[in-house]
>>> print(open('input04.txt').read())   # compact mmCIF, C-alpha atoms
# COMPACT_ATOMS: atom_id res chain seq x y z
CA MET A 1 27.21 -24.75 59.66
CA ILE A 2 27.57 -22.85 56.39
CA PRO A 3 24.04 -21.47 55.91
CA ILE A 4 22.28 -21.58 52.55
CA ALA A 5 21.16 -17.97 53.10
CA LYS A 6 22.12 -15.18 55.46
CA PRO A 7 20.76 -11.62 55.62
CA LEU A 8 23.62 -9.13 56.00
CA LEU A 9 22.69 -6.33 58.37
CA ASP A 10 24.93 -3.97 60.30
CA GLU A 11 24.85 -0.76 62.33
CA LYS A 12 23.56 1.23 59.34
CA GLU A 13 20.28 -0.68 59.30
CA ILE A 14 20.05 -0.53 63.08
CA GLU A 15 20.58 3.23 63.05
CA ALA A 16 18.03 3.70 60.26
CA VAL A 17 15.39 1.77 62.20
CA SER A 18 16.24 3.61 65.43
CA ASN A 19 15.76 6.94 63.69
CA VAL A 20 12.30 5.89 62.53
CA LEU A 21 11.34 4.65 65.99
CA ARG A 22 12.52 7.90 67.56
CA SER A 23 10.52 9.91 65.03
CA GLY A 24 7.25 8.38 66.17
CA MET A 25 6.17 7.85 62.53
CA ILE A 26 6.46 4.11 62.15
CA ALA A 27 3.63 3.28 59.73
CA GLU A 28 3.65 4.11 56.01
CA GLY A 29 5.25 7.54 55.69
CA ALA A 30 8.22 9.51 54.38
CA ARG A 31 10.66 6.57 54.39
CA VAL A 32 8.27 4.48 52.29
CA ALA A 33 7.89 7.31 49.76
CA GLU A 34 11.67 7.73 49.57
CA PHE A 35 12.21 3.99 49.18
CA GLU A 36 9.65 3.86 46.36
CA GLU A 37 11.35 6.72 44.53
CA LYS A 38 14.85 5.28 44.84
CA PHE A 39 13.77 1.76 43.91
CA ALA A 40 11.96 3.05 40.82
CA ASP A 41 15.12 4.89 39.80
CA TYR A 42 17.18 1.74 40.37
CA ILE A 43 14.93 -0.42 38.21
CA GLY A 44 14.51 2.30 35.59
CA VAL A 45 10.75 2.83 35.78
CA GLU A 46 8.48 5.77 36.51
CA HIS A 47 6.64 4.28 39.48
CA ALA A 48 7.23 1.92 42.40
CA VAL A 49 4.58 0.92 44.95
CA ALA A 50 5.76 -0.55 48.24
CA VAL A 51 3.73 -3.35 49.86
CA ASN A 52 4.21 -5.74 52.75
CA SER A 53 5.39 -8.88 50.89
CA GLY A 54 6.35 -10.25 47.50
CA THR A 55 3.10 -12.20 47.45
CA ALA A 56 1.20 -8.95 47.99
CA ALA A 57 3.14 -7.40 45.10
CA LEU A 58 2.09 -10.20 42.76
CA HIS A 59 -1.52 -10.14 43.96
CA ALA A 60 -1.88 -6.37 43.74
CA SER A 61 -0.17 -6.28 40.33
CA LEU A 62 -2.75 -8.70 38.94
CA LEU A 63 -5.64 -6.78 40.47
CA ALA A 64 -4.24 -3.49 39.20
CA HIS A 65 -4.55 -4.92 35.70
CA SER A 66 -8.16 -6.00 36.43
CA ILE A 67 -7.38 -9.70 36.15
CA GLY A 68 -10.07 -11.85 37.72
CA VAL A 69 -12.71 -14.53 37.32
CA GLY A 70 -12.74 -16.12 33.88
CA ASP A 71 -9.20 -15.02 33.02
CA GLU A 72 -6.20 -17.29 32.53
CA VAL A 73 -2.60 -16.38 33.41
CA ILE A 74 0.24 -18.48 31.98
CA THR A 75 3.14 -19.03 34.33
CA THR A 76 5.56 -21.73 35.51
CA SER A 77 4.98 -24.57 37.94
CA PHE A 78 8.65 -24.61 38.96
CA SER A 79 8.55 -21.74 41.42
CA PHE A 80 7.45 -20.92 44.95
CA ILE A 81 3.72 -21.49 45.32
CA ALA A 82 3.01 -17.77 45.81
CA THR A 83 3.52 -17.29 42.07
CA ALA A 84 0.44 -19.36 41.21
CA ASN A 85 -1.51 -18.63 44.39
CA SER A 86 -1.49 -14.91 43.63
CA ILE A 87 -3.40 -15.74 40.45
CA LEU A 88 -5.90 -17.87 42.36
CA PHE A 89 -6.42 -15.01 44.83
CA THR A 90 -7.96 -12.94 42.02
CA GLY A 91 -10.31 -15.71 40.90
CA ALA A 92 -8.31 -16.24 37.71
CA LYS A 93 -6.82 -19.57 36.63
CA PRO A 94 -3.07 -20.34 36.63
CA VAL A 95 -2.03 -22.18 33.47
CA PHE A 96 1.33 -23.91 33.67
CA ALA A 97 3.93 -24.03 30.88
CA ASP A 98 7.03 -26.22 31.05
CA VAL A 99 10.54 -24.88 31.79
CA GLU A 100 13.88 -24.71 29.99
CA TYR A 101 16.48 -27.27 30.99
CA ASP A 102 19.37 -24.86 31.42
CA THR A 103 17.84 -21.80 33.13
CA PHE A 104 14.85 -23.41 34.91
CA ASN A 105 12.78 -20.53 33.53
CA VAL A 106 9.54 -20.81 31.58
CA ASP A 107 9.90 -22.24 28.05
CA THR A 108 8.58 -19.64 25.63
CA ASP A 109 7.67 -22.28 23.04
CA CYS A 110 5.41 -23.88 25.63
CA ILE A 111 3.77 -20.54 26.40
CA ILE A 112 2.46 -20.30 22.85
CA ASP A 113 0.88 -23.76 23.12
CA LYS A 114 -1.00 -22.71 26.27
CA ILE A 115 -2.66 -19.55 24.92
CA THR A 116 -6.46 -19.66 24.68
CA PRO A 117 -9.16 -17.01 24.16
CA ASP A 118 -9.29 -16.66 27.97
CA THR A 119 -5.57 -15.91 28.35
CA LYS A 120 -5.11 -12.39 29.68
CA ALA A 121 -1.58 -12.29 31.07
CA LEU A 122 1.84 -13.92 31.21
CA MET A 123 3.70 -14.21 34.49
CA PRO A 124 7.33 -15.22 33.84
CA VAL A 125 9.51 -15.89 36.86
CA HIS A 126 13.16 -14.81 36.87
CA LEU A 127 14.06 -17.91 38.84
CA TYR A 128 17.12 -18.01 41.09
CA GLY A 129 18.12 -14.57 39.73
CA HIS A 130 18.50 -15.49 36.05
CA PRO A 131 16.26 -13.41 33.74
CA ALA A 132 13.57 -15.19 31.79
CA GLU A 133 13.70 -14.92 27.98
CA MET A 134 12.07 -11.49 27.91
CA LYS A 135 12.50 -10.68 24.21
CA ALA A 136 10.40 -13.68 23.20
CA ILE A 137 7.95 -13.17 26.07
CA MET A 138 7.30 -9.53 25.16
CA GLU A 139 6.86 -10.47 21.50
CA ILE A 140 4.30 -13.13 22.43
CA ALA A 141 2.50 -10.63 24.64
CA GLU A 142 2.37 -8.05 21.88
CA ASP A 143 1.19 -10.56 19.28
CA HIS A 144 -1.63 -11.79 21.50
CA ASP A 145 -2.46 -8.53 23.34
CA LEU A 146 -1.43 -9.91 26.73
CA ILE A 147 -0.32 -8.24 29.96
CA VAL A 148 3.12 -9.18 31.31
CA ILE A 149 3.61 -9.36 35.07
CA GLU A 150 7.19 -10.23 36.00
CA ASP A 151 7.77 -12.29 39.12
CA ALA A 152 11.13 -10.73 39.93
CA CYS A 153 11.01 -11.72 43.60
CA GLN A 154 14.42 -13.45 43.29
CA ALA A 155 16.05 -11.12 40.77
CA HIS A 156 16.81 -7.68 42.20
CA GLY A 157 19.17 -5.98 39.73
CA ALA A 158 19.19 -8.77 37.14
CA THR A 159 19.27 -7.52 33.56
CA TYR A 160 18.25 -8.80 30.15
CA GLY A 161 19.81 -7.02 27.20
CA GLY A 162 21.05 -4.29 29.53
CA LYS A 163 17.56 -3.61 30.90
CA LYS A 164 16.63 -4.46 34.46
CA VAL A 165 13.97 -7.05 35.08
CA GLY A 166 10.83 -5.51 36.49
CA SER A 167 10.92 -2.84 33.78
CA PHE A 168 9.61 -4.89 30.84
CA GLY A 169 6.08 -5.34 32.13
CA THR A 170 4.76 -4.78 35.65
CA GLY A 171 7.38 -6.03 38.08
CA SER A 172 6.90 -7.68 41.47
CA PHE A 173 9.76 -7.93 43.98
CA SER A 174 10.15 -9.52 47.40
CA PHE A 175 12.29 -8.28 50.29
CA TYR A 176 12.04 -11.40 52.45
CA PRO A 177 15.12 -11.86 54.71
CA THR A 178 16.78 -14.44 52.42
CA LYS A 179 16.47 -12.33 49.26
CA ASN A 180 19.39 -10.41 47.70
CA MET A 181 18.23 -7.39 49.69
CA THR A 182 15.75 -7.28 52.54
CA THR A 183 13.35 -5.02 54.43
CA SER A 184 12.71 -7.88 56.93
CA GLU A 185 9.42 -8.45 55.07
CA GLY A 186 8.11 -6.44 52.16
CA GLY A 187 7.57 -6.18 48.45
CA MET A 188 7.53 -3.70 45.58
CA ILE A 189 5.54 -3.23 42.38
CA THR A 190 7.32 -1.47 39.49
CA THR A 191 5.69 0.01 36.40
CA ASP A 192 5.81 2.79 33.83
CA ASP A 193 1.99 2.88 33.76
CA LYS A 194 0.66 5.67 35.95
CA ALA A 195 -2.86 4.19 36.04
CA VAL A 196 -1.55 0.79 37.18
CA ALA A 197 0.53 2.45 39.91
CA GLU A 198 -2.44 4.51 41.12
CA ARG A 199 -4.70 1.47 41.23
CA ALA A 200 -2.02 -0.56 43.06
CA ARG A 201 -1.76 2.19 45.68
CA MET A 202 -5.51 2.03 46.22
CA ILE A 203 -5.49 -1.77 46.43
CA ARG A 204 -2.79 -1.75 49.12
CA SER A 205 -4.80 0.70 51.25
CA HIS A 206 -8.39 -0.52 51.42
CA GLY A 207 -9.30 0.80 47.97
CA SER A 208 -8.77 4.38 49.01
CA LYS A 209 -6.96 7.42 47.59
CA GLN A 210 -8.53 9.75 50.13
CA ARG A 211 -8.98 8.83 53.77
CA TYR A 212 -12.39 7.31 54.47
CA LEU A 213 -13.36 7.41 50.79
CA HIS A 214 -13.18 3.87 49.39
CA GLU A 215 -13.68 3.55 45.63
CA ILE A 216 -12.81 -0.13 45.10
CA VAL A 217 -12.35 -3.25 47.20
CA GLY A 218 -8.84 -3.15 48.61
CA TYR A 219 -6.65 -4.69 51.28
CA ASN A 220 -4.18 -3.69 53.96
CA LEU A 221 -0.90 -4.37 52.12
CA ARG A 222 1.05 -1.36 53.31
CA MET A 223 4.77 -1.30 54.09
CA THR A 224 5.94 0.38 57.30
CA ASP A 225 8.57 3.10 57.54
CA ILE A 226 10.56 0.67 59.68
CA SER A 227 10.82 -1.76 56.78
CA ALA A 228 11.46 1.01 54.26
CA ALA A 229 14.32 2.37 56.38
CA ILE A 230 16.01 -1.03 56.22
CA GLY A 231 15.29 -1.21 52.49
CA LEU A 232 16.91 2.14 51.78
CA VAL A 233 20.16 1.01 53.40
CA GLN A 234 20.04 -2.38 51.72
CA LEU A 235 19.36 -0.86 48.30
CA GLY A 236 22.56 1.13 48.67
CA LYS A 237 24.44 -2.13 49.28
CA LEU A 238 22.69 -4.21 46.61
CA ASP A 239 25.20 -3.82 43.78
CA ASP A 240 28.07 -4.77 46.08
CA PHE A 241 26.09 -7.76 47.35
CA THR A 242 25.46 -8.81 43.75
CA SER A 243 29.14 -8.54 42.84
CA MET A 244 30.05 -10.79 45.75
CA ARG A 245 27.38 -13.33 44.78
CA LYS A 246 28.68 -13.40 41.20
CA GLU A 247 32.28 -13.81 42.38
CA ASN A 248 31.29 -16.70 44.64
CA ALA A 249 29.31 -18.28 41.80
CA LYS A 250 32.32 -18.08 39.49
CA VAL A 251 34.54 -19.81 42.05
CA LEU A 252 31.99 -22.61 42.40
CA SER A 253 31.42 -23.02 38.66
CA ASP A 254 35.15 -22.98 37.83
CA ALA A 255 35.72 -25.77 40.34
CA LEU A 256 32.60 -27.88 39.85
CA GLY A 257 32.11 -27.58 36.10
CA GLY A 258 32.81 -30.87 34.34
CA LEU A 259 32.34 -33.10 37.39
CA ASP A 260 30.46 -36.31 36.58
CA GLY A 261 26.79 -36.08 37.49
CA ILE A 262 26.95 -32.34 38.19
CA THR A 263 25.68 -29.54 35.94
CA VAL A 264 26.57 -26.00 37.00
CA PRO A 265 24.36 -22.96 36.32
CA VAL A 266 24.43 -21.19 32.96
CA VAL A 267 24.38 -17.48 32.26
CA ARG A 268 22.77 -16.74 28.92
CA ASP A 269 24.39 -14.20 26.59
CA GLY A 270 23.06 -10.71 27.28
CA CYS A 271 21.88 -11.66 30.78
CA ASN A 272 23.09 -10.56 34.18
CA HIS A 273 22.42 -13.41 36.62
CA VAL A 274 22.35 -12.07 40.19
CA PHE A 275 22.53 -15.53 41.81
CA HIS A 276 19.82 -15.32 44.40
CA GLN A 277 20.54 -19.02 44.42
CA TYR A 278 23.46 -20.93 42.95
CA THR A 279 21.61 -23.98 41.67
CA ILE A 280 23.27 -27.04 40.21
CA ARG A 281 21.71 -30.18 38.78
CA ALA A 282 22.81 -33.40 40.44
CA GLU A 283 21.81 -36.86 39.22
CA LYS A 284 21.87 -38.11 42.81
CA ARG A 285 20.59 -34.86 44.31
CA ASP A 286 19.16 -36.19 47.55
CA ASP A 287 22.27 -38.23 48.36
CA LEU A 288 24.51 -35.24 47.69
CA ALA A 289 22.33 -32.94 49.79
CA ALA A 290 22.36 -35.40 52.68
CA MET A 291 26.16 -35.62 52.58
CA LEU A 292 26.59 -31.86 52.48
CA ASN A 293 24.15 -31.28 55.32
CA GLN A 294 25.90 -33.91 57.43
CA SER A 295 29.17 -32.11 56.68
CA GLY A 296 27.81 -28.81 57.99
CA ILE A 297 27.04 -27.30 54.60
CA GLY A 298 23.54 -25.92 54.16
CA THR A 299 21.70 -26.65 50.92
CA GLY A 300 18.34 -25.74 49.47
CA THR A 301 16.03 -27.95 47.43
CA TYR A 302 13.90 -25.43 45.54
CA TYR A 303 11.40 -26.87 44.58
CA PRO A 304 11.05 -30.64 45.18
CA ILE A 305 7.30 -30.70 44.46
CA PRO A 306 6.23 -28.51 41.51
CA ILE A 307 3.15 -26.39 42.04
CA HIS A 308 0.97 -28.47 39.71
CA LYS A 309 1.63 -31.51 41.91
CA GLN A 310 0.93 -29.77 45.23
CA PRO A 311 -2.19 -31.20 46.94
CA VAL A 312 -4.04 -27.90 46.78
CA TYR A 313 -3.65 -27.91 42.97
CA THR A 314 -4.33 -31.59 42.36
CA ASP A 315 -7.52 -31.10 44.40
CA LEU A 316 -8.42 -28.38 41.89
CA GLY A 317 -8.00 -30.88 39.06
CA TYR A 318 -4.51 -30.02 37.85
CA ASN A 319 -2.81 -32.96 36.14
CA ASP A 320 -0.30 -31.32 33.79
CA ASN A 321 2.35 -33.13 31.79
CA LEU A 322 5.45 -31.00 32.41
CA PRO A 323 8.45 -33.32 31.97
CA GLU A 324 11.21 -30.70 32.27
CA CYS A 325 9.58 -29.23 35.34
CA ASP A 326 9.38 -32.67 36.96
CA LYS A 327 13.02 -33.40 36.04
CA ALA A 328 14.18 -30.10 37.54
CA ALA A 329 12.28 -30.86 40.74
CA GLY A 330 14.28 -34.06 41.13
CA GLU A 331 17.71 -32.65 40.29
CA ALA A 332 17.96 -29.00 41.39
CA LEU A 333 20.14 -28.30 44.41
CA SER A 334 21.17 -24.87 45.66
CA LEU A 335 24.52 -24.26 47.33
CA PRO A 336 25.58 -21.33 49.53
CA VAL A 337 26.52 -18.33 47.37
CA HIS A 338 25.47 -15.33 49.49
CA PRO A 339 27.95 -12.54 50.33
CA GLY A 340 28.55 -13.99 53.78
CA VAL A 341 30.24 -17.11 52.39
CA SER A 342 33.99 -16.92 52.96
CA LYS A 343 36.73 -18.19 50.64
CA ASP A 344 37.53 -20.96 53.09
CA GLU A 345 33.88 -21.97 53.17
CA LEU A 346 33.75 -22.04 49.37
CA LYS A 347 36.82 -24.29 49.43
CA THR A 348 35.09 -26.59 51.93
CA ILE A 349 31.98 -26.82 49.72
CA ILE A 350 34.05 -27.57 46.63
CA GLU A 351 36.26 -30.20 48.27
CA SER A 352 33.26 -31.92 49.84
CA ILE A 353 31.48 -32.21 46.48
CA LYS A 354 34.60 -33.37 44.65
CA ASP A 355 35.26 -36.05 47.25
CA TRP A 356 31.65 -37.21 47.04
CA VAL A 357 31.80 -37.42 43.23
CA VAL A 358 34.96 -39.59 43.42
CA GLU A 359 33.40 -41.84 46.06
CA ASN A 360 30.23 -42.28 43.98
CA ASP A 361 31.93 -42.77 40.60
>>> encode(input="input04.txt", output="structure tokens")
Amino acid sequence: MIPIAKPLLDEKEIEAVSNVLRSGMIAEGARVAEFEEKFADYIGVEHAVAVNSGTAALHASLLAHSIGVGDEVITTSFSFIATANSILFTGAKPVFADVEYDTFNVDTDCIIDKITPDTKALMPVHLYGHPAEMKAIMEIAEDHDLIVIEDACQAHGATYGGKKVGSFGTGSFSFYPTKNMTTSEGGMITTDDKAVAERARMIRSHGSKQRYLHEIVGYNLRMTDISAAIGLVQLGKLDDFTSMRKENAKVLSDALGGLDGITVPVVRDGCNHVFHQYTIRAEKRDDLAAMLNQSGIGTGTYYPIPIHKQPVYTDLGYNDNLPECDKAAGEALSLPVHPGVSKDELKTIIESIKDWVVEND
């Protein structure tokens, strides 16, 4: 089976974890601090705050900006549910804008239509590793005095206009095993705002800056030194991983572009797409996915039910009209693109899809 995702770990990660275990300091400690510093440098921001998941990063980022009951946050429904749930966690209301056809990212024209007096923040998602349209998003935020919290959980190292995502507003990253780099589980908040970073650090540790002195309501969202040790090694490999993903994506696009019923991913001018997922559109998506899976080729359908149509949201009264979002949910199909995919495996994927297209013409 050619897997849709595969974390790449070797003796360097094993040694890094072993060193932490031998040290006896396995909770949040020196490795976490080092990981925060190096990740901040990589993204190009002043501060990074390590937490225990991407969801925690989104949640704590919102709380660090004092977003809560009565506030609205505009985001996309075509994403993993954690994007919207993190808003619900604070007591605020997710407001869904439609998406662009070509990038699957939030449509900035739709954002403007969704702004109300209760709107406090925008949460664009850099979906599949392609940056959202950050120039327009930052202009909207400035015009309407809104906070920008970037869901960059799938976009480690992606750039827009030469600037890394996660450095425009407050960034939130995930290090889940299938992401472009991993800590096994974990997340990171990135910001140039010292006050936001300080508040995020308190939120992740029971509302405390000083042991046993709790100034605000907080949580236990801390990252361990074990996870940070893995993250430090993976961060050093990230650019090479990204290069391999982009090379694999080019091979796929060169071969699949122009096939009837298939639309390959775009890369907008001025954007660096890091291909967390290589996502095509297929008119007969489910049939194609079934064939590939039967042929031993893993696929991913992200996301077949948009957030606004999930039962938990329809029970809350959501009934949005988001035609592009619904269309994407029925056509998007991700193919293996990770660094572990071999040239022979890419050839197998390509030949299988070409044969299927001919058979279904």
>>> residues_near_point(input="input04.txt", point="(23.9, -25.6, 38.4)", cutoff="10 Å", atoms="all atoms listed in the file", output="JSON, numbers by chain")
{"A": [102, 103, 104, 249, 252, 253, 256, 257, 262, 263, 264, 265, 266, 277, 278, 279, 280, 281, 282, 331, 332, 333, 334, 335]}
>>> residues_around(input="input04.txt", residues="Ser243 in chain A", least_positions_apart="3", cutoff="12 Å", atoms="only C-alpha atoms", output="list in words")
Gly157, Ala158, Asn180, Lys237, Leu238, Asp239, Asp240, Lys246, Glu247, Asn248, Ala249, Lys250, Asn272, His273, Val274, Phe275, His276, Val337, His338 and Pro339 of chain A
>>> residues_around(input="input04.txt", residues="His144 in chain A", least_positions_apart="6", cutoff="9 Å", atoms="all atoms listed in the file", output="list in words")
Ile115, Thr119 and Lys120 of chain A
>>> atom_distance(input="input04.txt", atom1="CA of Leu221 in chain A", atom2="CA of Ser77 in chain A")
25.4 Å
>>> closest_residue(input="input04.txt", among="A:Leu63, A:Leu88, A:Val45, A:Leu259", to="Lys164 in chain A", atoms="all atoms listed in the file")
A:Val45
>>> residues_around(input="input04.txt", residues="range 349-353 of chain A", least_positions_apart="4", cutoff="8 Å", atoms="all atoms listed in the file", output="PDB file with C-alpha atoms, in the frame of the given file")
ATOM      1  CA  LEU A 252      31.990 -22.610  42.400  1.00  0.00           C
ATOM      2  CA  ALA A 255      35.720 -25.770  40.340  1.00  0.00           C
ATOM      3  CA  LEU A 256      32.600 -27.880  39.850  1.00  0.00           C
ATOM      4  CA  LEU A 288      24.510 -35.240  47.690  1.00  0.00           C
ATOM      5  CA  LEU A 292      26.590 -31.860  52.480  1.00  0.00           C
ATOM      6  CA  SER A 295      29.170 -32.110  56.680  1.00  0.00           C
ATOM      7  CA  ILE A 297      27.040 -27.300  54.600  1.00  0.00           C
ATOM      8  CA  GLU A 345      33.880 -21.970  53.170  1.00  0.00           C
ATOM      9  CA  VAL A 357      31.800 -37.420  43.230  1.00  0.00           C
TER      10      VAL A 357
END
>>> residues_around(input="input04.txt", residues="range 7-20 of chain A", least_positions_apart="3", cutoff="8 Å", atoms="all atoms listed in the file", output="count of residues only")
18
>>> atom_distance(input="input04.txt", atom1="CA of Val341 in chain A", atom2="CA of Gly300 in chain A")
15.0 Å
